[in-house]
Structure formats: structure tokens, C-alpha cells
2 protein chains.
Amino acid sequence: MKSGLSFLVAARRCEIDELDQLGRTSELVGTIGRLVHALQRERGLSNVLLASQGKRFAAQRSVQIGECLRLENDVRTGFDRLQAEARRLGSGTRLFSRIAWVLPGLDALPVLRRRVGALEIGVADATAAFAKLITGLLAVVFEAADGATDPEISRLLAAMFNFMQGKEFAGQERACGAAAFAAGQDDGSRQQQWLQLIAAQERCFHVFTEFAGPVLATLWRDSQPAEELAELERLRRAAITTAPGESLDSELSTVWFDCCSLRIDAMKAIEERLASDLRALCDRKIAEARAEADANEALLDQMAGAQEASGATAFFDDIAPQPPTVKAYGHQLERSVLDMLQEQSQRLQAMSDELETVRAGLNERKLVERAKGLLMAHKRMTEEEAHKMLRQTAMNQNRRLVDVAESVLSMADFLPSGN
Amino acid sequence: MKSGLSFLVAARRCEIDELDQLGRTSELVGTIGRLVHALQRERGLSNVLLASQGKRFAAQRSVQIGECLRLENDVRTGFDRLQAEARRLGSGTRLFSRIAWVLPGLDALPVLRRRVGALEIGVADATAAFAKLITGLLAVVFEAADGATDPEISRLLAAMFNFMQGKEFAGQERACGAAAFAAGQDDGSRQQQWLQLIAAQERCFHVFTEFAGPVLATLWRDSQPAEELAELERLRRAAITTAPGESLDSELSTVWFDCCSLRIDAMKAIEERLASDLRALCDRKIAEARAEADANEALLDQMAGAQEASGATAFFDDIAPQPPTVKAYGHQLERSVLDMLQEQSQRLQAMSDELETVRAGLNERKLVERAKGLLMAHKRMTEEEAHKMLRQTAMNQNRRLVDVAESVLSMADFLPSGN
């Protein structure tokens with residue numbers, strides 16, 4: 001029969017396995033970030049190509065597609081590697097489901113690209129298609145953050161997810177604005193959408209700074225020079241405050257695009273820094289856990305002889321200590337094991353509290369997902385329709401998406417049944 | 001490169017692994033329940049032995065110790081089997097830490113028993129020692145419930161944990177009452193403790209009925225005939241409302257003990273029913289998941305040829321469907337895969353919501369654990385001292401333990417630092 005200490009060692013080994021797995025997942029998150037960035041650029045170039053009737057950016061787009069294919073290959077390799085390790089993956093079910101959902105999107109990219117190249121698809125649809133794919137990729141990152149069992153790593157992953165999500169809203173804002181300037185006018189519905197995209201970005205970056213810690217938060221602030229932000233805000237105001245029918249300077253389309261791209265490229269640098277911090281953190285955690293496991297195992301060897309000879313007693317010491325004379329050889333060793341167990345249990349408790357805090361930060365997204373699920377089940381909507389309805393309601397009522405989601409959830413009993 | 005469908009299959013396989021593991025853990029929970037029951041009986045018999053200066057129950061106690069040893073062997077075998085599977089255990093770290101914590105308690109039992117047999121230890125200390133060991137065993141059950149990834153199973157495990165915990169409070173009440181009647185008087189501090197034990201039982205059984213569903217709730221109600229409950233309440237009132245100094249009929253000690261034992265034995269039957277329901281549920285879930293995995297794999301084979309030939313397109317259908325003439329061979333098959341993915345994602349979402357609900361029911365216990373951890377860290381207390389302080393405060397202020405725990409947590413910033 002195995003001793004308590006051997007279970008302590010087993011617990012440590014599980015922890016190391018989890019950390020190893022988290023290391024690989026974090027690596028993958030970095031790779032996904034690079035693919036998302038490349039797809040965001042491809043989306044921007046595709047939009048201009050479509051808007052200019054194929055006249056502009058054709059060559060740049062070809063180059064960018066090459067870059068996307070290379071990074072897609074990295075991501076798929078990362079996915080496959082995870083699957084090879086499947087049997088040792090704690091939260092595999094959900095992570096793999098997310099991956100299963102996004103892969104058909106990558107499969108469908110060549111056809112989408114052919115249609116963009118042949119100008120067979122509109123700007124809005126092309127944007128929406130890329131956005132759907134990127135949403136699927138971000139969902140994988142979300143799951144990685146939500147499934148992480150180490151609070152420090154989970155915290156950085158949550159920061160990463162929120163940053164990537166914020167960056168994607170920035171990318172959508174770039175597309176939305178570029179379309180408005182190119183069209184030479186803006187309308188109320190687009191203005192509403194635009195405002196929502198700005199608000200959504202701000203929330204994401206706010207959560208990011210909360211989770212990422214002061215160093216990265218400062219880097220993020222410094223990466224956005226005041227004059228560039230001022231230019232961005234000036235262009236935003238120019239477009240969003242135009243009255244219906246009033247015309248926009250379509251020359252500003254390129255200025256807007258470049259201004260947004262400068263900002264998004266700066267975000268890329270922060271994201272790379274996040275990815276490398278994540279890697280370093282995982283490495284450090286793994287090294288620490290290994291060192292402690294080794295120490296435990298050494299003690300286990302030392303115990304092996306001593307305990308057998310004496311019989312254990314220390315467990316009940318705090319209730320009914322034995323007289324010192326009776327205390328067996330090895331009692332001191334036994335106490336030190338109990339102390340170690342106590343320490344481990346406190347550490348796990350602290351980790352578990354911390355994890356709950358981090359996960360609460362991911363809750364906002366979960367609320368929206370749950371509200372969508374509810375609408376899909378009760379109103380027989382597709383996911384797209386449900387999301388659109390939530391967003392539309394948020395626009396109409398000028399409320400945050402998450403608040404609308406909360407209202408939907410609280411009214412669950414009043415929704416019609418789907419049958 | 002692997003397809004989305006193959007990840008769907010991988011997700012299912014992870015789910016099956018998790019369910020297999022849950023099946024084994026649930027089996028172990030049943031075994032722990034039997035050991036706890038036997039230890040509760042041994043505690044009762046030991047108390048009478050000690051209180052009667054070794055005159056009563058010596059033979060019964062020997063028999064009971066034999067039963068305990070047999071069941072302890074089953075539990076240890078179950079622990080070892082879990083460890084052999086360690087590498088495939090998602091939530092291994094915490095579960096193993098709990099096991100590591102309780103094993104030294106089992107190791108220390110022989111010495112405790114020798115001291116009881118030699119009448120070297122008081123009734124209160126013996127009760128406390130057994131209670132500490134049982135608390136450790138219940139913590140393993142708690143972790144199993146908290147780590148479960150299937151909401152239905154988690155729900156039954158949570159019902160089981162609360163039932164076992166309620167039963168343990170009933171066992172402690174039996175000991176507390178037996179000591180009071182045997183002493184021929186009760187005092188204010190014991191009366192307070194007694195009231196707390198009654199309230200704690202009621203809360204546990206309330207949570208149990210919430211989670212166990214109507215069938216088990218009815219069984220539970222029916223297992224407690226009105227006349228037995230009336231007798232229990234009569235005895236409780238007789239002891240708890242005596243004024244200080246007023247004497248109790250010490251003959252009632254046996255009546256009280258038998259009345260409580262009858263009730264606790266009835267609980268045992270419910271617990272066995274819970275354990276067998278749990279086993280049946282795990283078996284059903286595993287069979288269902290296997291059947292679905294087989295169906296997925298069959299579809300995967302069917303897809304293998306079709307998709308390669310055609311190129312995927314269906315992912316963007318809802319945004320920008322292609323003209324029907326362009327739709328490739330295999331498009332229908334592809335759609336059905338996407339539908340399956342959608343279904344899976346909705347199912348996982350629903351599971352995840354349900355899990356959160358179940359875990360919230362376990363939260364009460366977590367609050368107490370966290371408050372203890374805080375006191376241990378900030379006031380340099382041992383776990384026993386922290387628990388005692390919380391319980392004492394609850395008694396003094398006539399509040400529920402969980403409310404005191406919440407107050408402690410909310411005052412965290414005002415606690416002195418431990419350094």
C-alpha cells in the first residue's frame with residue numbers, strides 16, 4: 001500500500017504534467033496570435049482590393065496569403081501535436097471541440113480567397129467571413145485560458161485572450177471605418193456599430209491591463225503615442241458625427257487605414273511580448289515544480305525505512321499527543337511530512353482562489369455565449385442569428401452587449417420553448 | 001493534417017477517458033462511504049468503552065475494528081488504483097493531495113486504537129481524533145465531486161458528499177448527546193455545540209435533497225418514520241433545554257444512542273442507494289459517449305475520401321453561400337459535420353453551465369476552507385485552531401459557520417500579517 005508521501009509525489013507529478021501541457025498550449029496560443037494577425041492584414045488588403053474593383057493591393061495580397069499559409073501550417077501542426085498528447089490533456093474535451101469547430105473554417109479559406117480574387121463577393125461579406133474565422137481561432141485561445149489550472153499562467157492567458165480580442169475589434173473598426181470613408185459617407189447603423197467596436201476594444205484592453213500586470217500595462221500605454229491617438233480620435237469623430245447624407249472625404253480612407261494599421265502593428269509587438277512572457281513563466285513554473293518533486297522523492301526514500309519500523313502517530317498529535325517517551329523513532333520525520341502536506345494543501349487552496357478570480361474575468365464572455373446558447377435553443381436560431389440579435393438589441397438600446405446578455409439570461413423562463 | 005471531424009472524435013475520446021475516470025472515482029467514493037460508516041460505529045463503541053471504564057462493548061469494538069480494517073484495505077486499494085492511473089487524471093493534483101493528507105491518519109489508527117483499548121485517552125479526545133480522520137476522508141469525496149467534469153455525475157457526487165457530511169454531523173451529535181446523558185448533565189457550551197450540529201445536519205440534508213432529485217429525496221423522507229423523529233426530538237429537547245446544574249437521566253444514554261443509531265443506519269441504506277445510482281449513471285454515460293464516438297468515427301471514414309476531392313466551403317455558407325451549381329460533391333456531408341459540431345458545442349456549453357450550478361452548491365464548504373486558510377496564514381494558526389476559532393465565533397454570535405467564514409474573508413485586509 002502506498003504512503004501519504006507517495007501521493008504527495010503523485011500530486012506533484014500531475015502538476016508537472018499539467019504545466020507541461022500548459023506550456024505547449026501557451027506556445028500554440030502564440031502561434032494562433034501570429035496567424036490571426038496575418039489574417040487581419042489579409043482581410044484589410046482584401047477589402048481594399050474588393051472596394052477598388054481589383055485595382056489596388058493585388059500583389060501585396062498575394063504575398064500576405066503566402067504568409068497566412070505558412071502560419072496556418074504552424075497552427076495546424078500545433079493542433080496535431082496537442083491531439084497526439086490527447087490522453088494526457090485534462091480539459092481536452094472542450095479545447096478539441098473548439099479546434100474541431102475552427103478547422104472547417106481554415107479548410108474553406110482557399111474557396112473564400114478564390115472568390116475574393118475573382119471579385120465575386122462583397123466587402124461586407126468578406127469582412128464577416130474573416131471575422132467568423134478569427135472568432136473561431138480566438139475561441140481556442142479562450143478555452144486554453146479557461147482550462148488552465150495554474151492561476152499565474154491562467155492570468156497571463158486571460159490577458160492574452162483579452163488583448164487578442166481587443167486587437168480583433170480594432171481590426172474590425174479599421175475595416176468598418178475604411179468602408180465608411182471609401183463610400184464617402186456614413187450612416188446611423190454603421191455609426192452605431194462603430195461605437196460598439198470602440199467600446200468593446202476599451203473593455204478588452206481594460207481587462208488586459210488588469211491581468212497583465214504593471215510592466216506590460218506600461219508597455220501598452222507607451223506603445224500608443226499621444227499624437228497617434230489624437231489622430232485616431234480626430235478621424236473617428238469626423239466620421240461618427242457626420243449627419244445622415246453629409247459626405248465624408250474619401251481621400252481619408254488611406255489615412256484612416258494607415259493610422260489604424262500603425263496602431264495594430266504596435267499591438268502585435270505587445271502580443272509577442274505577452275507570448276514570450278508566457279513561455280518564460282511556463283518554463284519557470286515547470287522548473288520549480290520539478291525541483292520540489294525531487295525534494296519530495298528524496299524525503300520519500302528517507303522515510304521508507306523509518307516509518308515501517310515505528311508506526312505512525314503524528315496525525316493525532318494536535319488532539320491527543322503521546323508522552324514524549326513513547327514517541328517512536330522517525331516521529332520527527334513524520335511531522336515534517338505532515339507539515340509539508342499542510343503547506344501543499346494551503347498552496348493548492350491559494351491557487352484555487354486565485355484561479356476563481358481569473359476565471360471571473362473571463363465571465364463576461366461566458367455570459368454572452370450562454371445568452372446565445374439560450375436563444376439558439378429557445379428561438380431555434382443559428383449561432384450567427386443569435387449573435388446578431390444580441391448585438392442589434394445592444395445597439396438599439398444603447399447598452400453593452402454583456403448587459404443585454406444578462407437580461408436575456410434572467411428572462412430565460414419567459415422565452416418561448418423551441419419545440 | 002487532421003480534420004475538424006478528427007478533433008471531434010478526439011474530444012469524444014477525452015470525454016470517455018474522463019467518464020471512465022469518474023466511474024473509478026465514484027466507485028471509490030462508495031468505498032469511502034462504507035469505511036466512514038464503520039469508523040463512525042467504532043467511534044461510538046470506543047466512546048462507550050471509555051466512558052464505562054472498559055466495562056462495555058469491548059467485544060463489539062473488536063469485531064468492529066476488524067470490519068474497519070477490511071474496509072480500510074478496500075479504500076487503500078482504491079487509492080492505489082487511482083495513482084496507477086495518475087497520468088490520465090485531469091484533476092489529479094488536488095485529489096492526490098487530499099489522499100496524501102488522510103493517509104497518515106489511517107497510518108496512525110493502530111496507535112489510537114491501542115490507546116483507546118488501554119483507556120489512556122479521554123472520550124472527547126477520542127471523538128475528536130476519529131472526527132479528524134473522517135473529515136479527511138470526506139475531503140477526498142468533496143474533491144471528487146468538485147473535480148468532476150460531467151454535471152449529472154457531479155450533481156450526484158455533490159448529493160453524496162452532502163449526505164455523507166450530514167451523516168457525520170449526525171454521528172457527532174450521537175457522541176455529543178451520549179456524553180451529555182452519560183455525564184448526567186449538560187452545559188451551555190455543549191448545548192451550543194449540539195444546536196450547531198443539528199443546524200449543520202439540516203443544511204447538508206437540504207443540499208442533498210436539492211441535488212439528489214425527487215426519487216432519492218422521497219426515499220430519504222420515508223426512511224425516517226415520524227415516531228422515530230419524534231423520539232429524537234423529544235430527547236434533544238430534554239437535554240438541550242436543561243438549566244445549568246439541572247440533572248439529566250443518565251439511563252437515557254442508551255436510549256439516545258440506540259435512537260441515533262437507528263437513524264444513522266437508515267442513512268447508510270440511502271447512501272448505498274446513492275452509490276449504486278452513481279455507478280449506474282457512470283455506466284450509462286460511458287455507453288452513450290462510446291456510441292456517439294463510434295458514430296463520429298464512421299462519419300470520419302465516410303468523409304475521408306469525399307472532402308479531399310472537393311475542397312471545403314460550408315463554413316462560410318451562412319455569410320456568403322456559393323451558387324448551388326458551384327457546390328462541390330460532399331457539400332451535404334460537410335454540412336452535416338458542421339451541424340454536428342454546432343450540436344457538440346451547444347451540448348458542452350449546457351454542460352458547463354450546469355457544472356457551475358452544481359459547484360456553487362459546494363461553495364459553502366469552500367468559503368469555510370478559505371476562511372480557515374486565511375486565519376492560518378495571517379494569524380499563524382494550525383488548521384485545527386482556525387477551525388475551532390471559526391466554530392467558537394459562530395457559537396458565540398449564534399450565527400452559521402458559513403456566515404462567520406464570509407465575514408472573515410471580507411475582513412481579510414484588516415487581519416494582521418503573519419510575518
# chains A, B, ... in the order shown; residues from 1 in each chain; ligands from 1
>>> interface_residues(of="chain B", to="chain A", cutoff="7 Å", atoms="only C-alpha atoms", output="PyMOL selection string")
chain B and resi 1-5+7-8+10-12+14-15+76+80+83+86-90+92-94+96-97+99-101+103-105+107-108+111+125+128-129+312-313+315-316+319-320+341+345-346+373
>>> select_by_dssp(residues="region 378-410 of chain A", states="alpha helix (DSSP H)", output="list in words")
His378, Glu383, Glu384, Glu385, Ala386, His387, Lys388, Met389, Leu390, Arg391, Gln392, Thr393, Ala394, Met395, Asn396, Gln397, Leu401, Val402, Asp403, Val404, Ala405, Glu406, Ser407, Val408, Leu409 and Ser410 of chain A
>>> write_last_selection(atoms="N, CA, C and O atoms", output="mmCIF file, in the first residue's frame")
data_model
loop_
_atom_site.group_PDB
_atom_site.id
_atom_site.type_symbol
_atom_site.label_atom_id
_atom_site.label_comp_id
_atom_site.auth_asym_id
_atom_site.auth_seq_id
_atom_site.Cartn_x
_atom_site.Cartn_y
_atom_site.Cartn_z
ATOM 1 N N HIS A 378 -34.025 28.185 -27.577
ATOM 2 C CA HIS A 378 -35.430 28.536 -27.381
ATOM 3 C C HIS A 378 -36.077 29.184 -28.588
ATOM 4 O O HIS A 378 -37.273 29.157 -28.748
ATOM 5 N N GLU A 383 -26.214 30.192 -34.525
ATOM 6 C CA GLU A 383 -25.329 30.995 -33.681
ATOM 7 C C GLU A 383 -25.191 32.422 -34.233
ATOM 8 O O GLU A 383 -25.228 33.399 -33.487
ATOM 9 N N GLU A 384 -25.062 32.505 -35.569
ATOM 10 C CA GLU A 384 -24.930 33.815 -36.203
ATOM 11 C C GLU A 384 -26.127 34.703 -35.902
ATOM 12 O O GLU A 384 -25.999 35.873 -35.560
ATOM 13 N N GLU A 385 -27.314 34.113 -36.067
ATOM 14 C CA GLU A 385 -28.543 34.882 -35.838
ATOM 15 C C GLU A 385 -28.645 35.353 -34.391
ATOM 16 O O GLU A 385 -29.027 36.491 -34.104
ATOM 17 N N ALA A 386 -28.304 34.427 -33.486
ATOM 18 C CA ALA A 386 -28.385 34.766 -32.062
ATOM 19 C C ALA A 386 -27.440 35.921 -31.746
ATOM 20 O O ALA A 386 -27.810 36.874 -31.054
ATOM 21 N N HIS A 387 -26.220 35.840 -32.267
ATOM 22 C CA HIS A 387 -25.243 36.887 -32.001
ATOM 23 C C HIS A 387 -25.713 38.224 -32.571
ATOM 24 O O HIS A 387 -25.618 39.267 -31.940
ATOM 25 N N LYS A 388 -26.256 38.148 -33.783
ATOM 26 C CA LYS A 388 -26.739 39.357 -34.447
ATOM 27 C C LYS A 388 -27.861 39.997 -33.632
ATOM 28 O O LYS A 388 -27.905 41.213 -33.461
ATOM 29 N N MET A 389 -28.760 39.140 -33.135
ATOM 30 C CA MET A 389 -29.886 39.662 -32.368
ATOM 31 C C MET A 389 -29.409 40.349 -31.091
ATOM 32 O O MET A 389 -29.865 41.429 -30.748
ATOM 33 N N LEU A 390 -28.456 39.736 -30.415
ATOM 34 C CA LEU A 390 -27.910 40.342 -29.195
ATOM 35 C C LEU A 390 -27.264 41.689 -29.516
ATOM 36 O O LEU A 390 -27.486 42.685 -28.826
ATOM 37 N N ARG A 391 -26.463 41.686 -30.589
ATOM 38 C CA ARG A 391 -25.738 42.903 -30.940
ATOM 39 C C ARG A 391 -26.707 44.003 -31.340
ATOM 40 O O ARG A 391 -26.559 45.159 -30.976
ATOM 41 N N GLN A 392 -27.727 43.597 -32.111
ATOM 42 C CA GLN A 392 -28.724 44.559 -32.575
ATOM 43 C C GLN A 392 -29.451 45.173 -31.381
ATOM 44 O O GLN A 392 -29.652 46.387 -31.319
ATOM 45 N N THR A 393 -29.823 44.300 -30.434
ATOM 46 C CA THR A 393 -30.527 44.790 -29.245
ATOM 47 C C THR A 393 -29.639 45.751 -28.473
ATOM 48 O O THR A 393 -30.084 46.802 -28.003
ATOM 49 N N ALA A 394 -28.350 45.401 -28.344
ATOM 50 C CA ALA A 394 -27.411 46.278 -27.640
ATOM 51 C C ALA A 394 -27.350 47.639 -28.327
ATOM 52 O O ALA A 394 -27.386 48.685 -27.680
ATOM 53 N N MET A 395 -27.289 47.618 -29.681
ATOM 54 C CA MET A 395 -27.252 48.880 -30.429
ATOM 55 C C MET A 395 -28.516 49.682 -30.203
ATOM 56 O O MET A 395 -28.466 50.861 -29.863
ATOM 57 N N ASN A 396 -29.650 49.022 -30.398
ATOM 58 C CA ASN A 396 -30.929 49.714 -30.295
ATOM 59 C C ASN A 396 -31.132 50.337 -28.923
ATOM 60 O O ASN A 396 -31.662 51.433 -28.788
ATOM 61 N N GLN A 397 -30.723 49.597 -27.902
ATOM 62 C CA GLN A 397 -30.970 50.076 -26.542
ATOM 63 C C GLN A 397 -29.760 50.836 -26.000
ATOM 64 O O GLN A 397 -29.768 51.260 -24.846
ATOM 65 N N LEU A 401 -23.097 44.838 -24.719
ATOM 66 C CA LEU A 401 -23.501 43.505 -25.138
ATOM 67 C C LEU A 401 -23.702 42.594 -23.917
ATOM 68 O O LEU A 401 -24.673 41.828 -23.827
ATOM 69 N N VAL A 402 -22.782 42.726 -22.957
ATOM 70 C CA VAL A 402 -22.836 41.831 -21.802
ATOM 71 C C VAL A 402 -24.078 42.104 -20.952
ATOM 72 O O VAL A 402 -24.658 41.198 -20.362
ATOM 73 N N ASP A 403 -24.526 43.371 -20.930
ATOM 74 C CA ASP A 403 -25.730 43.693 -20.163
ATOM 75 C C ASP A 403 -26.968 43.099 -20.828
ATOM 76 O O ASP A 403 -27.870 42.592 -20.157
ATOM 77 N N VAL A 404 -26.991 43.168 -22.160
ATOM 78 C CA VAL A 404 -28.112 42.562 -22.887
ATOM 79 C C VAL A 404 -28.114 41.053 -22.639
ATOM 80 O O VAL A 404 -29.164 40.445 -22.383
ATOM 81 N N ALA A 405 -26.909 40.456 -22.682
ATOM 82 C CA ALA A 405 -26.811 39.009 -22.452
ATOM 83 C C ALA A 405 -27.355 38.653 -21.074
ATOM 84 O O ALA A 405 -28.107 37.692 -20.916
ATOM 85 N N GLU A 406 -27.012 39.482 -20.089
ATOM 86 C CA GLU A 406 -27.503 39.221 -18.734
ATOM 87 C C GLU A 406 -29.024 39.311 -18.661
ATOM 88 O O GLU A 406 -29.672 38.498 -18.007
ATOM 89 N N SER A 407 -29.585 40.300 -19.344
ATOM 90 C CA SER A 407 -31.047 40.426 -19.354
ATOM 91 C C SER A 407 -31.683 39.198 -19.975
ATOM 92 O O SER A 407 -32.669 38.661 -19.470
ATOM 93 N N VAL A 408 -31.105 38.744 -21.097
ATOM 94 C CA VAL A 408 -31.651 37.564 -21.778
ATOM 95 C C VAL A 408 -31.644 36.372 -20.826
ATOM 96 O O VAL A 408 -32.644 35.657 -20.685
ATOM 97 N N LEU A 409 -30.517 36.197 -20.142
ATOM 98 C CA LEU A 409 -30.411 35.050 -19.238
ATOM 99 C C LEU A 409 -31.413 35.141 -18.093
ATOM 100 O O LEU A 409 -31.994 34.135 -17.680
ATOM 101 N N SER A 410 -31.626 36.361 -17.592
ATOM 102 C CA SER A 410 -32.532 36.499 -16.457
ATOM 103 C C SER A 410 -33.989 36.330 -16.878
ATOM 104 O O SER A 410 -34.869 36.123 -16.061
#
>>> residues_around(residues="Leu355 (chain B)", least_positions_apart="4", cutoff="9 Å", atoms="only C-alpha atoms", output="PyMOL selection string")
chain B and resi 148-152+154-155+350-351+359-360
